[in-house]
>>> print(open('coords-v4.csv').read())   # CSV, C-alpha atoms
chain,number,residue,atom,x,y,z
A,1,MET,CA,71.4,76.7,242.4
A,2,ILE,CA,69.1,73.7,242.3
A,3,ARG,CA,70.2,70.4,244.0
A,4,ASP,CA,69.7,67.7,241.4
A,5,ARG,CA,72.0,64.8,242.2
A,6,LYS,CA,72.6,62.4,239.3
A,7,PRO,CA,73.8,58.8,239.2
A,8,GLY,CA,77.5,58.6,240.1
A,9,PHE,CA,77.5,61.5,242.5
A,10,ARG,CA,78.4,59.4,245.5
A,11,PHE,CA,81.0,57.6,243.5
A,12,VAL,CA,82.7,60.9,242.7
A,13,VAL,CA,82.5,62.1,246.3
A,14,GLY,CA,84.4,58.9,247.4
A,15,ALA,CA,87.0,59.7,244.7
A,16,ILE,CA,87.4,63.2,246.0
A,17,ALA,CA,88.0,61.9,249.6
A,18,LEU,CA,90.6,59.4,248.2
A,19,CYS,CA,92.3,62.1,246.1
A,20,PHE,CA,92.5,64.4,249.1
A,21,VAL,CA,94.2,61.7,251.0
A,22,VAL,CA,96.7,61.2,248.1
A,23,VAL,CA,97.5,64.9,248.0
A,24,ILE,CA,98.1,65.0,251.8
A,25,LEU,CA,100.2,61.8,251.6
A,26,GLY,CA,102.2,63.4,248.8
A,27,ALA,CA,102.9,66.5,251.0
A,28,TRP,CA,103.8,64.3,254.0
A,29,THR,CA,106.2,62.3,251.9
A,30,ARG,CA,107.9,65.4,250.6
A,31,LEU,CA,108.1,67.0,254.1
A,32,VAL,CA,109.7,64.0,255.7
A,33,ASP,CA,112.3,63.9,252.9
A,34,ALA,CA,111.0,60.5,251.7
A,35,GLY,CA,110.6,61.4,248.0
A,36,LEU,CA,113.5,59.1,247.2
A,37,GLY,CA,112.7,56.6,249.9
A,38,CYS,CA,112.5,54.1,247.0
A,39,PRO,CA,115.1,54.9,244.3
A,40,ASP,CA,113.2,53.2,241.6
A,41,TRP,CA,109.6,53.1,240.2
A,42,PRO,CA,107.0,51.6,240.5
A,43,GLY,CA,108.7,49.1,242.8
A,44,CYS,CA,111.0,49.7,245.7
A,45,TYR,CA,114.6,48.6,245.3
A,46,GLY,CA,113.4,46.1,242.7
A,47,PHE,CA,110.7,44.6,244.9
A,48,ALA,CA,106.9,45.0,244.7
A,49,GLY,CA,106.9,46.0,248.4
A,50,ILE,CA,109.4,47.5,250.9
A,51,PRO,CA,112.4,45.3,251.6
A,52,MET,CA,112.1,44.4,255.3
A,53,SER,CA,114.1,41.3,256.0
A,54,ALA,CA,117.9,41.4,256.3
A,55,GLU,CA,118.2,39.2,253.2
A,56,ARG,CA,116.1,41.6,251.1
A,57,ILE,CA,117.8,44.7,252.4
A,58,GLU,CA,121.2,43.2,251.5
A,59,ILE,CA,119.9,42.5,247.9
A,60,ALA,CA,118.4,46.0,247.7
A,61,GLU,CA,121.6,47.6,248.7
A,62,MET,CA,123.5,45.5,246.2
A,63,ARG,CA,121.2,46.7,243.4
A,64,PHE,CA,121.4,50.4,244.5
A,65,PRO,CA,124.7,50.9,246.3
A,66,ASP,CA,124.3,54.7,246.3
A,67,ALA,CA,120.9,54.5,248.0
A,68,PRO,CA,121.1,52.6,251.4
A,69,VAL,CA,117.7,51.2,252.5
A,70,GLU,CA,115.9,53.5,255.0
A,71,VAL,CA,112.7,51.7,255.8
A,72,ASP,CA,111.2,54.7,257.7
A,73,LYS,CA,111.4,56.7,254.4
A,74,ALA,CA,110.4,53.9,252.1
A,75,TRP,CA,107.1,53.5,253.9
A,76,PRO,CA,105.7,57.0,253.2
A,77,GLU,CA,106.8,56.8,249.6
A,78,MET,CA,105.2,53.4,248.9
A,79,VAL,CA,102.0,54.1,250.8
A,80,HIS,CA,101.6,57.3,248.7
A,81,ARG,CA,102.1,55.2,245.5
A,82,TYR,CA,99.6,52.5,246.7
A,83,PHE,CA,96.9,55.1,247.3
A,84,ALA,CA,97.7,56.9,244.1
A,85,GLY,CA,97.3,53.6,242.2
A,86,ILE,CA,94.0,53.0,243.7
A,87,LEU,CA,92.9,56.5,242.8
A,88,GLY,CA,93.9,55.9,239.2
A,89,LEU,CA,91.7,52.8,239.1
A,90,VAL,CA,88.8,54.7,240.6
A,91,ILE,CA,89.0,57.4,238.0
A,92,LEU,CA,89.2,54.7,235.3
A,93,GLY,CA,85.9,53.4,236.8
A,94,LEU,CA,84.4,56.9,236.6
A,95,ALA,CA,85.4,57.2,232.9
A,96,ILE,CA,83.8,53.8,232.1
A,97,PHE,CA,80.7,54.7,234.1
A,98,SER,CA,80.3,58.0,232.2
A,99,TRP,CA,80.8,56.3,228.8
A,100,ARG,CA,78.1,53.7,229.6
A,101,ARG,CA,75.7,56.6,230.4
A,102,ARG,CA,76.7,58.7,227.5
A,103,GLN,CA,73.2,58.7,226.0
A,104,ASP,CA,72.0,60.7,229.1
A,105,PRO,CA,72.3,64.4,228.0
A,106,GLU,CA,73.0,65.5,231.6
A,107,GLN,CA,75.8,63.0,232.1
A,108,PRO,CA,79.3,64.6,231.9
A,109,VAL,CA,81.4,62.5,229.6
A,110,VAL,CA,84.4,64.6,228.5
A,111,LEU,CA,85.3,65.6,232.0
A,112,PRO,CA,85.8,62.1,233.4
A,113,PHE,CA,88.1,61.3,230.4
A,114,ILE,CA,90.1,64.5,231.0
A,115,LEU,CA,90.5,63.3,234.5
A,116,LEU,CA,91.7,59.9,233.3
A,117,ALA,CA,94.3,61.7,231.1
A,118,VAL,CA,95.5,63.9,233.9
A,119,VAL,CA,95.9,61.0,236.4
A,120,THR,CA,97.8,59.0,233.7
A,121,MET,CA,100.1,62.0,233.3
A,122,GLN,CA,100.4,62.2,237.1
A,123,ALA,CA,101.7,58.6,237.1
A,124,ALA,CA,104.4,59.7,234.6
A,125,PHE,CA,105.4,62.7,236.7
A,126,GLY,CA,105.5,60.4,239.8
A,127,ALA,CA,108.0,58.2,238.0
A,128,TRP,CA,110.0,61.2,236.8
A,129,THR,CA,110.1,62.6,240.3
A,130,VAL,CA,112.1,59.6,241.4
A,131,THR,CA,114.1,58.9,238.2
A,132,LEU,CA,115.1,62.6,237.9
A,133,LYS,CA,116.0,62.7,241.6
A,134,LEU,CA,113.5,65.3,242.7
A,135,TRP,CA,114.2,67.8,239.9
A,136,PRO,CA,112.3,70.9,241.1
A,137,GLN,CA,110.4,71.4,237.8
A,138,VAL,CA,109.0,67.9,237.9
A,139,VAL,CA,108.2,68.1,241.6
A,140,VAL,CA,106.1,71.3,241.1
A,141,ALA,CA,104.4,69.8,238.0
A,142,HIS,CA,103.5,66.7,240.0
A,143,LEU,CA,102.1,68.9,242.8
A,144,LEU,CA,100.0,70.9,240.4
A,145,GLY,CA,98.8,67.7,238.7
A,146,GLY,CA,97.6,66.5,242.1
A,147,PHE,CA,95.7,69.7,242.8
A,148,LEU,CA,94.3,69.7,239.2
A,149,THR,CA,93.0,66.1,239.7
A,150,LEU,CA,91.3,67.1,243.0
A,151,SER,CA,89.8,70.3,241.4
A,152,LEU,CA,88.4,68.4,238.4
A,153,LEU,CA,86.9,65.8,240.6
A,154,TRP,CA,85.3,68.5,242.7
A,155,LEU,CA,83.9,70.2,239.5
A,156,LEU,CA,82.5,66.8,238.4
A,157,ALA,CA,80.8,66.5,241.8
A,158,LEU,CA,79.3,70.0,241.3
A,159,ARG,CA,78.1,69.0,237.8
A,160,LEU,CA,76.5,65.9,239.1
A,161,GLY,CA,75.1,67.4,242.3
A,162,TRP,CA,73.8,70.9,241.5
A,163,ARG,CA,72.3,72.5,238.5
A,164,ARG,CA,73.0,76.1,237.7
A,165,GLU,CA,70.0,78.4,237.5
A,166,ALA,CA,69.7,81.1,234.9
A,167,ALA,CA,70.0,84.6,236.2
A,168,ALA,CA,68.4,87.7,234.7
A,169,GLY,CA,68.0,91.4,235.4
A,170,ASP,CA,69.9,92.9,238.3
A,171,MET,CA,71.2,89.5,239.6
A,172,GLY,CA,72.5,88.6,236.1
A,173,ALA,CA,74.4,91.9,236.0
A,174,LEU,CA,75.8,91.4,239.5
A,175,LEU,CA,77.0,87.9,238.7
A,176,GLN,CA,78.5,89.2,235.5
A,177,ARG,CA,80.6,91.7,237.5
A,178,LEU,CA,81.7,89.0,239.9
A,179,ARG,CA,83.0,86.6,237.2
A,180,PRO,CA,86.2,88.5,236.4
A,181,TRP,CA,87.0,88.6,240.2
A,182,ALA,CA,86.4,84.9,240.5
A,183,VAL,CA,88.6,84.1,237.5
A,184,VAL,CA,91.4,86.4,238.5
A,185,GLY,CA,91.3,85.0,242.1
A,186,MET,CA,91.5,81.5,240.8
A,187,VAL,CA,94.5,82.3,238.5
A,188,LEU,CA,96.3,84.1,241.3
A,189,LEU,CA,95.7,81.2,243.7
A,190,VAL,CA,97.0,78.6,241.3
A,191,LEU,CA,100.1,80.7,240.8
A,192,GLN,CA,100.6,81.0,244.5
A,193,ILE,CA,100.2,77.2,244.9
A,194,ALA,CA,102.9,76.8,242.2
A,195,LEU,CA,105.1,79.2,244.1
A,196,GLY,CA,104.5,77.2,247.3
A,197,GLY,CA,105.6,74.1,245.4
A,198,TRP,CA,108.7,75.9,244.1
A,199,VAL,CA,109.5,76.9,247.7
A,200,SER,CA,109.2,73.2,248.8
A,201,ALA,CA,111.0,71.8,245.9
A,202,ASN,CA,114.0,74.1,246.5
A,203,TYR,CA,113.9,73.8,250.3
A,204,ALA,CA,113.3,77.5,250.7
A,205,ALA,CA,110.6,77.3,253.4
A,206,LEU,CA,113.1,78.4,256.2
A,207,ALA,CA,115.2,80.8,254.0
A,208,CYS,CA,113.5,83.6,256.0
A,209,PRO,CA,113.4,82.3,259.6
A,210,ASP,CA,111.7,85.4,261.0
A,211,PHE,CA,108.4,87.2,260.4
A,212,PRO,CA,107.4,89.7,259.2
A,213,THR,CA,111.0,90.6,258.3
A,214,CYS,CA,113.4,88.2,256.5
A,215,GLN,CA,116.9,87.7,257.9
A,216,GLY,CA,116.2,90.6,260.2
A,217,ARG,CA,115.5,93.0,257.3
A,218,TRP,CA,112.5,94.0,255.2
A,219,TRP,CA,114.4,93.4,252.0
A,220,PRO,CA,117.4,91.2,252.4
A,221,GLU,CA,119.9,90.4,249.6
A,222,ALA,CA,118.2,88.1,247.1
A,223,ASP,CA,119.1,86.5,243.8
A,224,PHE,CA,115.9,86.2,241.8
A,225,ALA,CA,117.6,85.1,238.6
A,226,HIS,CA,119.1,82.1,240.5
A,227,GLY,CA,116.0,81.4,242.5
A,228,PHE,CA,113.8,81.2,239.4
A,229,ASN,CA,116.1,79.6,237.0
A,230,VAL,CA,113.7,77.0,235.5
A,231,LEU,CA,116.3,75.9,233.0
A,232,GLN,CA,118.6,74.4,235.6
A,233,GLU,CA,120.1,71.0,234.5
A,234,VAL,CA,118.8,67.7,235.8
A,235,GLY,CA,120.5,66.2,238.8
A,236,PRO,CA,122.5,64.5,240.0
A,237,ASN,CA,120.3,64.7,243.1
A,238,TYR,CA,118.1,67.6,244.4
A,239,LEU,CA,117.4,66.1,247.8
A,240,GLY,CA,118.1,68.9,250.2
A,241,GLY,CA,118.2,71.4,247.3
A,242,LEU,CA,121.2,72.8,245.4
A,243,MET,CA,120.5,76.6,245.5
A,244,TYR,CA,122.6,78.9,247.6
A,245,SER,CA,121.1,81.2,250.2
A,246,GLU,CA,120.2,84.3,248.1
A,247,GLY,CA,118.3,82.2,245.6
A,248,ARG,CA,116.2,80.6,248.3
A,249,ILE,CA,115.6,83.9,249.9
A,250,ALA,CA,114.3,85.2,246.6
A,251,ILE,CA,111.8,82.3,246.3
A,252,HIS,CA,110.6,82.7,249.9
A,253,LEU,CA,110.1,86.5,249.5
A,254,THR,CA,108.2,86.0,246.3
A,255,HIS,CA,105.9,83.5,248.0
A,256,ARG,CA,105.2,86.0,250.8
A,257,ILE,CA,104.5,88.8,248.3
A,258,GLY,CA,102.2,86.5,246.4
A,259,ALA,CA,100.4,85.6,249.7
A,260,ILE,CA,99.6,89.3,250.3
A,261,ILE,CA,98.3,89.8,246.8
A,262,VAL,CA,96.1,86.6,246.9
A,263,ALA,CA,94.8,87.6,250.4
A,264,LEU,CA,93.8,91.0,249.2
A,265,VAL,CA,92.0,89.8,246.0
A,266,LEU,CA,90.3,86.8,247.6
A,267,GLY,CA,89.4,88.8,250.7
A,268,LEU,CA,87.7,91.4,248.5
A,269,LEU,CA,85.9,88.6,246.5
A,270,ALA,CA,84.7,87.1,249.8
A,271,TRP,CA,83.3,90.4,250.9
A,272,ARG,CA,81.5,90.9,247.6
A,273,LEU,CA,80.0,87.4,247.8
A,274,TRP,CA,78.9,88.1,251.3
A,275,ARG,CA,77.0,91.2,250.2
A,276,THR,CA,75.2,89.4,247.3
A,277,PRO,CA,71.4,89.6,247.9
A,278,ARG,CA,69.0,86.7,248.0
A,279,PRO,CA,67.8,84.4,246.6
A,280,TRP,CA,71.2,83.3,245.3
A,281,GLN,CA,72.7,82.9,248.8
A,282,LEU,CA,76.3,83.4,247.9
A,283,ALA,CA,77.0,84.8,251.4
A,284,PRO,CA,77.9,81.3,252.8
A,285,LEU,CA,80.5,80.9,250.0
A,286,GLY,CA,81.9,84.3,250.9
A,287,ILE,CA,82.1,83.4,254.6
A,288,THR,CA,83.7,80.0,253.8
A,289,LEU,CA,86.2,81.6,251.5
A,290,ALA,CA,87.2,84.2,254.1
A,291,GLY,CA,87.5,81.6,256.8
A,292,VAL,CA,89.6,79.2,254.8
A,293,LEU,CA,91.8,82.1,253.6
A,294,LEU,CA,92.4,83.3,257.2
A,295,VAL,CA,93.3,79.8,258.4
A,296,GLN,CA,95.8,79.4,255.4
A,297,ILE,CA,97.5,82.8,256.3
A,298,LEU,CA,97.8,81.8,259.9
A,299,LEU,CA,99.3,78.4,259.0
A,300,GLY,CA,101.8,80.1,256.7
A,301,VAL,CA,102.9,82.5,259.4
A,302,ALA,CA,103.1,79.5,261.9
A,303,ASN,CA,105.4,77.6,259.5
A,304,VAL,CA,107.9,80.4,259.8
A,305,VAL,CA,107.5,81.3,263.4
A,306,PHE,CA,107.7,77.7,264.6
A,307,SER,CA,110.4,76.5,262.1
A,308,LEU,CA,108.2,74.4,259.8
A,309,PRO,CA,106.6,71.8,262.2
A,310,LEU,CA,105.6,68.7,260.2
A,311,VAL,CA,101.9,68.9,261.2
A,312,VAL,CA,101.6,72.6,260.5
A,313,ALA,CA,103.4,72.3,257.1
A,314,THR,CA,101.1,69.4,256.1
A,315,ALA,CA,98.1,71.3,257.2
A,316,HIS,CA,99.2,74.2,255.1
A,317,ASN,CA,99.2,72.0,252.0
A,318,ALA,CA,95.8,70.6,253.0
A,319,VAL,CA,94.2,74.0,253.5
A,320,ALA,CA,95.6,75.2,250.2
A,321,ALA,CA,93.7,72.3,248.5
A,322,VAL,CA,90.5,73.3,250.4
A,323,LEU,CA,90.9,76.9,249.4
A,324,LEU,CA,91.3,75.8,245.7
A,325,LEU,CA,88.1,73.8,246.0
A,326,VAL,CA,86.3,76.8,247.4
A,327,MET,CA,87.4,78.9,244.5
A,328,VAL,CA,86.2,76.2,242.1
A,329,SER,CA,82.8,76.4,243.8
A,330,VAL,CA,82.8,80.1,243.5
A,331,ASN,CA,83.6,80.1,239.8
A,332,TYR,CA,80.9,77.4,239.3
A,333,ARG,CA,78.3,79.4,241.2
A,334,VAL,CA,78.8,82.7,239.5
A,335,ARG,CA,78.5,81.2,236.1
A,336,ALA,CA,74.7,81.4,236.3
A,337,THR,CA,73.5,79.5,233.3
A,338,ILE,CA,72.0,76.1,232.8
A,339,GLY,CA,74.0,74.0,230.4
A,340,LYS,CA,74.4,70.4,229.3
A,341,GLY,CA,77.0,68.2,230.7
A,342,ALA,CA,80.3,68.1,228.9
>>> encode(input="coords-v4.csv", output="structure tokens")
Amino acid sequence: MIRDRKPGFRFVVGAIALCFVVVILGAWTRLVDAGLGCPDWPGCYGFAGIPMSAERIEIAEMRFPDAPVEVDKAWPEMVHRYFAGILGLVILGLAIFSWRRRQDPEQPVVLPFILLAVVTMQAAFGAWTVTLKLWPQVVVAHLLGGFLTLSLLWLLALRLGWRREAAAGDMGALLQRLRPWAVVGMVLLVLQIALGGWVSANYAALACPDFPTCQGRWWPEADFAHGFNVLQEVGPNYLGGLMYSEGRIAIHLTHRIGAIIVALVLGLLAWRLWRTPRPWQLAPLGITLAGVLLVQILLGVANVVFSLPLVVATAHNAVAAVLLLVMVSVNYRVRATIGKGA
């Protein structure tokens, strides 16, 4: 890999930092049950900001009699929206910047516009999350959209910051063998993140309150058909979840099993990266992957053992995002070819 930073690199790094904040704020909002802190979108009880005065609160509750004003829940929801709106404007700026430099053969153009399309869709999912009353399918799609936005920004930073070298001979063959592992690891990690979103959307994080067993047994009674019924009807309100215990247990168990599979695959990938000979220096990526993976596993266990502390649960979401970015880096590094920006 050759460091070759191009114009716009620092702009993208700033966008990554902002997107990471948006992802964490989204997780925080969800974990404090503030997803419906404002029952409408994009405003809050019909106002541009949070109704704070007694007069405004009275008007808000007249407009939404079934949703009493809870200022402590409205704040996380609106702060998340404000930051997400700023991120959308920043990504629009990136797209405009890339278009103006489109004559530069090394300037990525398609990727910034894909990002713009994704963040636009994210706005729609944000609205549907509220209007469809936390329908789990939309909640998970919104979560994945946030992670996708962060990943694409990270990929854009890699494209602008580092140029891939061509590999030949033994090194080319070695990287060729690593690529399937990197792709499979990425796919499994995305599926696991989606499972984590399904756990959260259906309030199944504490369905198994013990570890390593669940409900005191290695395989408790679980209803997988109910737990993974993605055709469930909309509403009226999914705050707190509508599934019965056996369905939530099925979701939680599947997430645990997924964690074991992901840990094994990514752990083996980290080991193989660590053993890669010079001059490619993939060992630091392997060590980073192993370290982040270990932290994520410990946070997942801590969520169960300590009954989902807010800080630990938020950190679990944050480290999942970091782990995904590490895997984006791994996939980028093992594709050892020099190509033009897309």
>>> closest_residue(input="coords-v4.csv", among="A:Val90, A:Ala201, A:Ile16, A:Leu289", to="Leu268 (chain A)", atoms="all atoms listed in the file")
A:Leu289
>>> atom_distance(input="coords-v4.csv", atom1="CA of Leu178 (chain A)", atom2="CA of Leu293 (chain A)")
18.4 Å
>>> atom_distance(input="coords-v4.csv", atom1="CA of Phe11 (chain A)", atom2="CA of Val334 (chain A)")
25.5 Å
>>> closest_residue(input="coords-v4.csv", among="A:Leu156, A:Leu175, A:Ala117, A:Leu148", to="Lys6 (chain A)", atoms="all atoms listed in the file")
A:Leu156
>>> closest_residue(input="coords-v4.csv", among="A:Ala15, A:Met327, A:Val69, A:Ala318", to="Ala27 (chain A)", atoms="all atoms listed in the file")
A:Ala318
>>> atom_distance(input="coords-v4.csv", atom1="CA of Cys214 (chain A)", atom2="CA of Ala259 (chain A)")
14.9 Å
>>> closest_residue(input="coords-v4.csv", among="A:His226, A:Gln192, A:Leu87, A:Trp28", to="Leu153 (chain A)", atoms="all atoms listed in the file")
A:Leu87
>>> residues_near_point(input="coords-v4.csv", point="(97.6, 61.2, 246.4)", cutoff="8 Å", atoms="all atoms listed in the file", output="PyMOL selection string")
chain A and resi 18-26+80-81+83-84+87+146
>>> closest_residue(input="coords-v4.csv", among="A:Glu77, A:Leu144, A:Arg10, A:Val301", to="Leu189 (chain A)", atoms="all atoms listed in the file")
A:Leu144
>>> build_atoms(input="coords-v4.csv", residues="region 247-282 of chain A", atoms="N, CA and C atoms", output="PDB file, in the coordinates of the input")
ATOM      1  N   GLY A 247     119.343  82.708 246.490  1.00  0.00           N
ATOM      2  CA  GLY A 247     118.300  82.200 245.600  1.00  0.00           C
ATOM      3  C   GLY A 247     117.091  81.734 246.364  1.00  0.00           C
ATOM      4  N   ARG A 248     117.326  81.043 247.483  1.00  0.00           N
ATOM      5  CA  ARG A 248     116.200  80.600 248.300  1.00  0.00           C
ATOM      6  C   ARG A 248     115.463  81.723 248.948  1.00  0.00           C
ATOM      7  N   ILE A 249     116.199  82.747 249.351  1.00  0.00           N
ATOM      8  CA  ILE A 249     115.600  83.900 249.900  1.00  0.00           C
ATOM      9  C   ILE A 249     114.631  84.580 248.888  1.00  0.00           C
ATOM     10  N   ALA A 250     115.080  84.652 247.634  1.00  0.00           N
ATOM     11  CA  ALA A 250     114.300  85.200 246.600  1.00  0.00           C
ATOM     12  C   ALA A 250     112.957  84.466 246.397  1.00  0.00           C
ATOM     13  N   ILE A 251     113.040  83.152 246.439  1.00  0.00           N
ATOM     14  CA  ILE A 251     111.800  82.300 246.300  1.00  0.00           C
ATOM     15  C   ILE A 251     110.895  82.558 247.458  1.00  0.00           C
ATOM     16  N   HIS A 252     111.438  82.561 248.671  1.00  0.00           N
ATOM     17  CA  HIS A 252     110.600  82.700 249.900  1.00  0.00           C
ATOM     18  C   HIS A 252     109.940  84.119 249.860  1.00  0.00           C
ATOM     19  N   LEU A 253     110.696  85.150 249.514  1.00  0.00           N
ATOM     20  CA  LEU A 253     110.100  86.500 249.500  1.00  0.00           C
ATOM     21  C   LEU A 253     108.993  86.592 248.454  1.00  0.00           C
ATOM     22  N   THR A 254     109.196  85.991 247.298  1.00  0.00           N
ATOM     23  CA  THR A 254     108.200  86.000 246.300  1.00  0.00           C
ATOM     24  C   THR A 254     106.897  85.344 246.738  1.00  0.00           C
ATOM     25  N   HIS A 255     107.050  84.235 247.450  1.00  0.00           N
ATOM     26  CA  HIS A 255     105.900  83.500 248.000  1.00  0.00           C
ATOM     27  C   HIS A 255     105.146  84.387 249.004  1.00  0.00           C
ATOM     28  N   ARG A 256     105.880  85.111 249.823  1.00  0.00           N
ATOM     29  CA  ARG A 256     105.200  86.000 250.800  1.00  0.00           C
ATOM     30  C   ARG A 256     104.484  87.129 250.095  1.00  0.00           C
ATOM     31  N   ILE A 257     105.112  87.727 249.089  1.00  0.00           N
ATOM     32  CA  ILE A 257     104.500  88.800 248.300  1.00  0.00           C
ATOM     33  C   ILE A 257     103.206  88.276 247.653  1.00  0.00           C
ATOM     34  N   GLY A 258     103.331  87.087 247.064  1.00  0.00           N
ATOM     35  CA  GLY A 258     102.200  86.500 246.400  1.00  0.00           C
ATOM     36  C   GLY A 258     101.049  86.230 247.409  1.00  0.00           C
ATOM     37  N   ALA A 259     101.407  85.837 248.638  1.00  0.00           N
ATOM     38  CA  ALA A 259     100.400  85.600 249.700  1.00  0.00           C
ATOM     39  C   ALA A 259      99.611  86.873 249.979  1.00  0.00           C
ATOM     40  N   ILE A 260     100.306  87.996 250.023  1.00  0.00           N
ATOM     41  CA  ILE A 260      99.600  89.300 250.300  1.00  0.00           C
ATOM     42  C   ILE A 260      98.667  89.618 249.173  1.00  0.00           C
ATOM     43  N   ILE A 261      99.116  89.450 247.921  1.00  0.00           N
ATOM     44  CA  ILE A 261      98.300  89.800 246.800  1.00  0.00           C
ATOM     45  C   ILE A 261      97.025  88.875 246.756  1.00  0.00           C
ATOM     46  N   VAL A 262      97.242  87.570 246.944  1.00  0.00           N
ATOM     47  CA  VAL A 262      96.100  86.600 246.900  1.00  0.00           C
ATOM     48  C   VAL A 262      95.147  86.936 248.072  1.00  0.00           C
ATOM     49  N   ALA A 263      95.686  87.251 249.258  1.00  0.00           N
ATOM     50  CA  ALA A 263      94.800  87.600 250.400  1.00  0.00           C
ATOM     51  C   ALA A 263      93.961  88.779 250.119  1.00  0.00           C
ATOM     52  N   LEU A 264      94.526  89.798 249.489  1.00  0.00           N
ATOM     53  CA  LEU A 264      93.800  91.000 249.200  1.00  0.00           C
ATOM     54  C   LEU A 264      92.652  90.721 248.156  1.00  0.00           C
ATOM     55  N   VAL A 265      92.999  90.015 247.083  1.00  0.00           N
ATOM     56  CA  VAL A 265      92.000  89.800 246.000  1.00  0.00           C
ATOM     57  C   VAL A 265      90.916  88.814 246.515  1.00  0.00           C
ATOM     58  N   LEU A 266      91.303  87.716 247.164  1.00  0.00           N
ATOM     59  CA  LEU A 266      90.300  86.800 247.600  1.00  0.00           C
ATOM     60  C   LEU A 266      89.486  87.348 248.796  1.00  0.00           C
ATOM     61  N   GLY A 267      90.123  88.184 249.608  1.00  0.00           N
ATOM     62  CA  GLY A 267      89.400  88.800 250.700  1.00  0.00           C
ATOM     63  C   GLY A 267      88.318  89.755 250.155  1.00  0.00           C
ATOM     64  N   LEU A 268      88.655  90.519 249.123  1.00  0.00           N
ATOM     65  CA  LEU A 268      87.700  91.400 248.500  1.00  0.00           C
ATOM     66  C   LEU A 268      86.563  90.598 247.834  1.00  0.00           C
ATOM     67  N   LEU A 269      86.941  89.501 247.172  1.00  0.00           N
ATOM     68  CA  LEU A 269      85.900  88.600 246.500  1.00  0.00           C
ATOM     69  C   LEU A 269      84.999  88.058 247.589  1.00  0.00           C
ATOM     70  N   ALA A 270      85.545  87.624 248.715  1.00  0.00           N
ATOM     71  CA  ALA A 270      84.700  87.100 249.800  1.00  0.00           C
ATOM     72  C   ALA A 270      83.722  88.123 250.296  1.00  0.00           C
ATOM     73  N   TRP A 271      84.187  89.356 250.432  1.00  0.00           N
ATOM     74  CA  TRP A 271      83.300  90.400 250.900  1.00  0.00           C
ATOM     75  C   TRP A 271      82.178  90.690 249.898  1.00  0.00           C
ATOM     76  N   ARG A 272      82.502  90.664 248.608  1.00  0.00           N
ATOM     77  CA  ARG A 272      81.500  90.900 247.600  1.00  0.00           C
ATOM     78  C   ARG A 272      80.473  89.761 247.535  1.00  0.00           C
ATOM     79  N   LEU A 273      80.952  88.538 247.730  1.00  0.00           N
ATOM     80  CA  LEU A 273      80.000  87.400 247.800  1.00  0.00           C
ATOM     81  C   LEU A 273      79.104  87.509 248.987  1.00  0.00           C
ATOM     82  N   TRP A 274      79.667  87.925 250.106  1.00  0.00           N
ATOM     83  CA  TRP A 274      78.900  88.100 251.300  1.00  0.00           C
ATOM     84  C   TRP A 274      77.765  89.085 251.191  1.00  0.00           C
ATOM     85  N   ARG A 275      78.000  90.103 250.381  1.00  0.00           N
ATOM     86  CA  ARG A 275      77.000  91.200 250.200  1.00  0.00           C
ATOM     87  C   ARG A 275      76.006  90.873 249.079  1.00  0.00           C
ATOM     88  N   THR A 276      76.134  89.722 248.417  1.00  0.00           N
ATOM     89  CA  THR A 276      75.200  89.400 247.300  1.00  0.00           C
ATOM     90  C   THR A 276      73.802  89.141 247.914  1.00  0.00           C
ATOM     91  N   PRO A 277      72.782  89.773 247.360  1.00  0.00           N
ATOM     92  CA  PRO A 277      71.400  89.600 247.900  1.00  0.00           C
ATOM     93  C   PRO A 277      70.818  88.261 247.612  1.00  0.00           C
ATOM     94  N   ARG A 278      69.759  87.941 248.320  1.00  0.00           N
ATOM     95  CA  ARG A 278      69.000  86.700 248.000  1.00  0.00           C
ATOM     96  C   ARG A 278      68.337  86.846 246.674  1.00  0.00           C
ATOM     97  N   PRO A 279      67.881  85.743 246.041  1.00  0.00           N
ATOM     98  CA  PRO A 279      67.800  84.400 246.600  1.00  0.00           C
ATOM     99  C   PRO A 279      69.023  83.525 246.264  1.00  0.00           C
ATOM    100  N   TRP A 280      70.088  84.145 245.780  1.00  0.00           N
ATOM    101  CA  TRP A 280      71.200  83.300 245.300  1.00  0.00           C
ATOM    102  C   TRP A 280      72.064  82.774 246.454  1.00  0.00           C
ATOM    103  N   GLN A 281      71.987  83.396 247.610  1.00  0.00           N
ATOM    104  CA  GLN A 281      72.700  82.900 248.800  1.00  0.00           C
ATOM    105  C   GLN A 281      74.147  82.557 248.557  1.00  0.00           C
ATOM    106  N   LEU A 282      74.853  83.562 248.045  1.00  0.00           N
ATOM    107  CA  LEU A 282      76.300  83.400 247.900  1.00  0.00           C
ATOM    108  C   LEU A 282      77.060  83.803 249.139  1.00  0.00           C
TER     109      LEU A 282
END
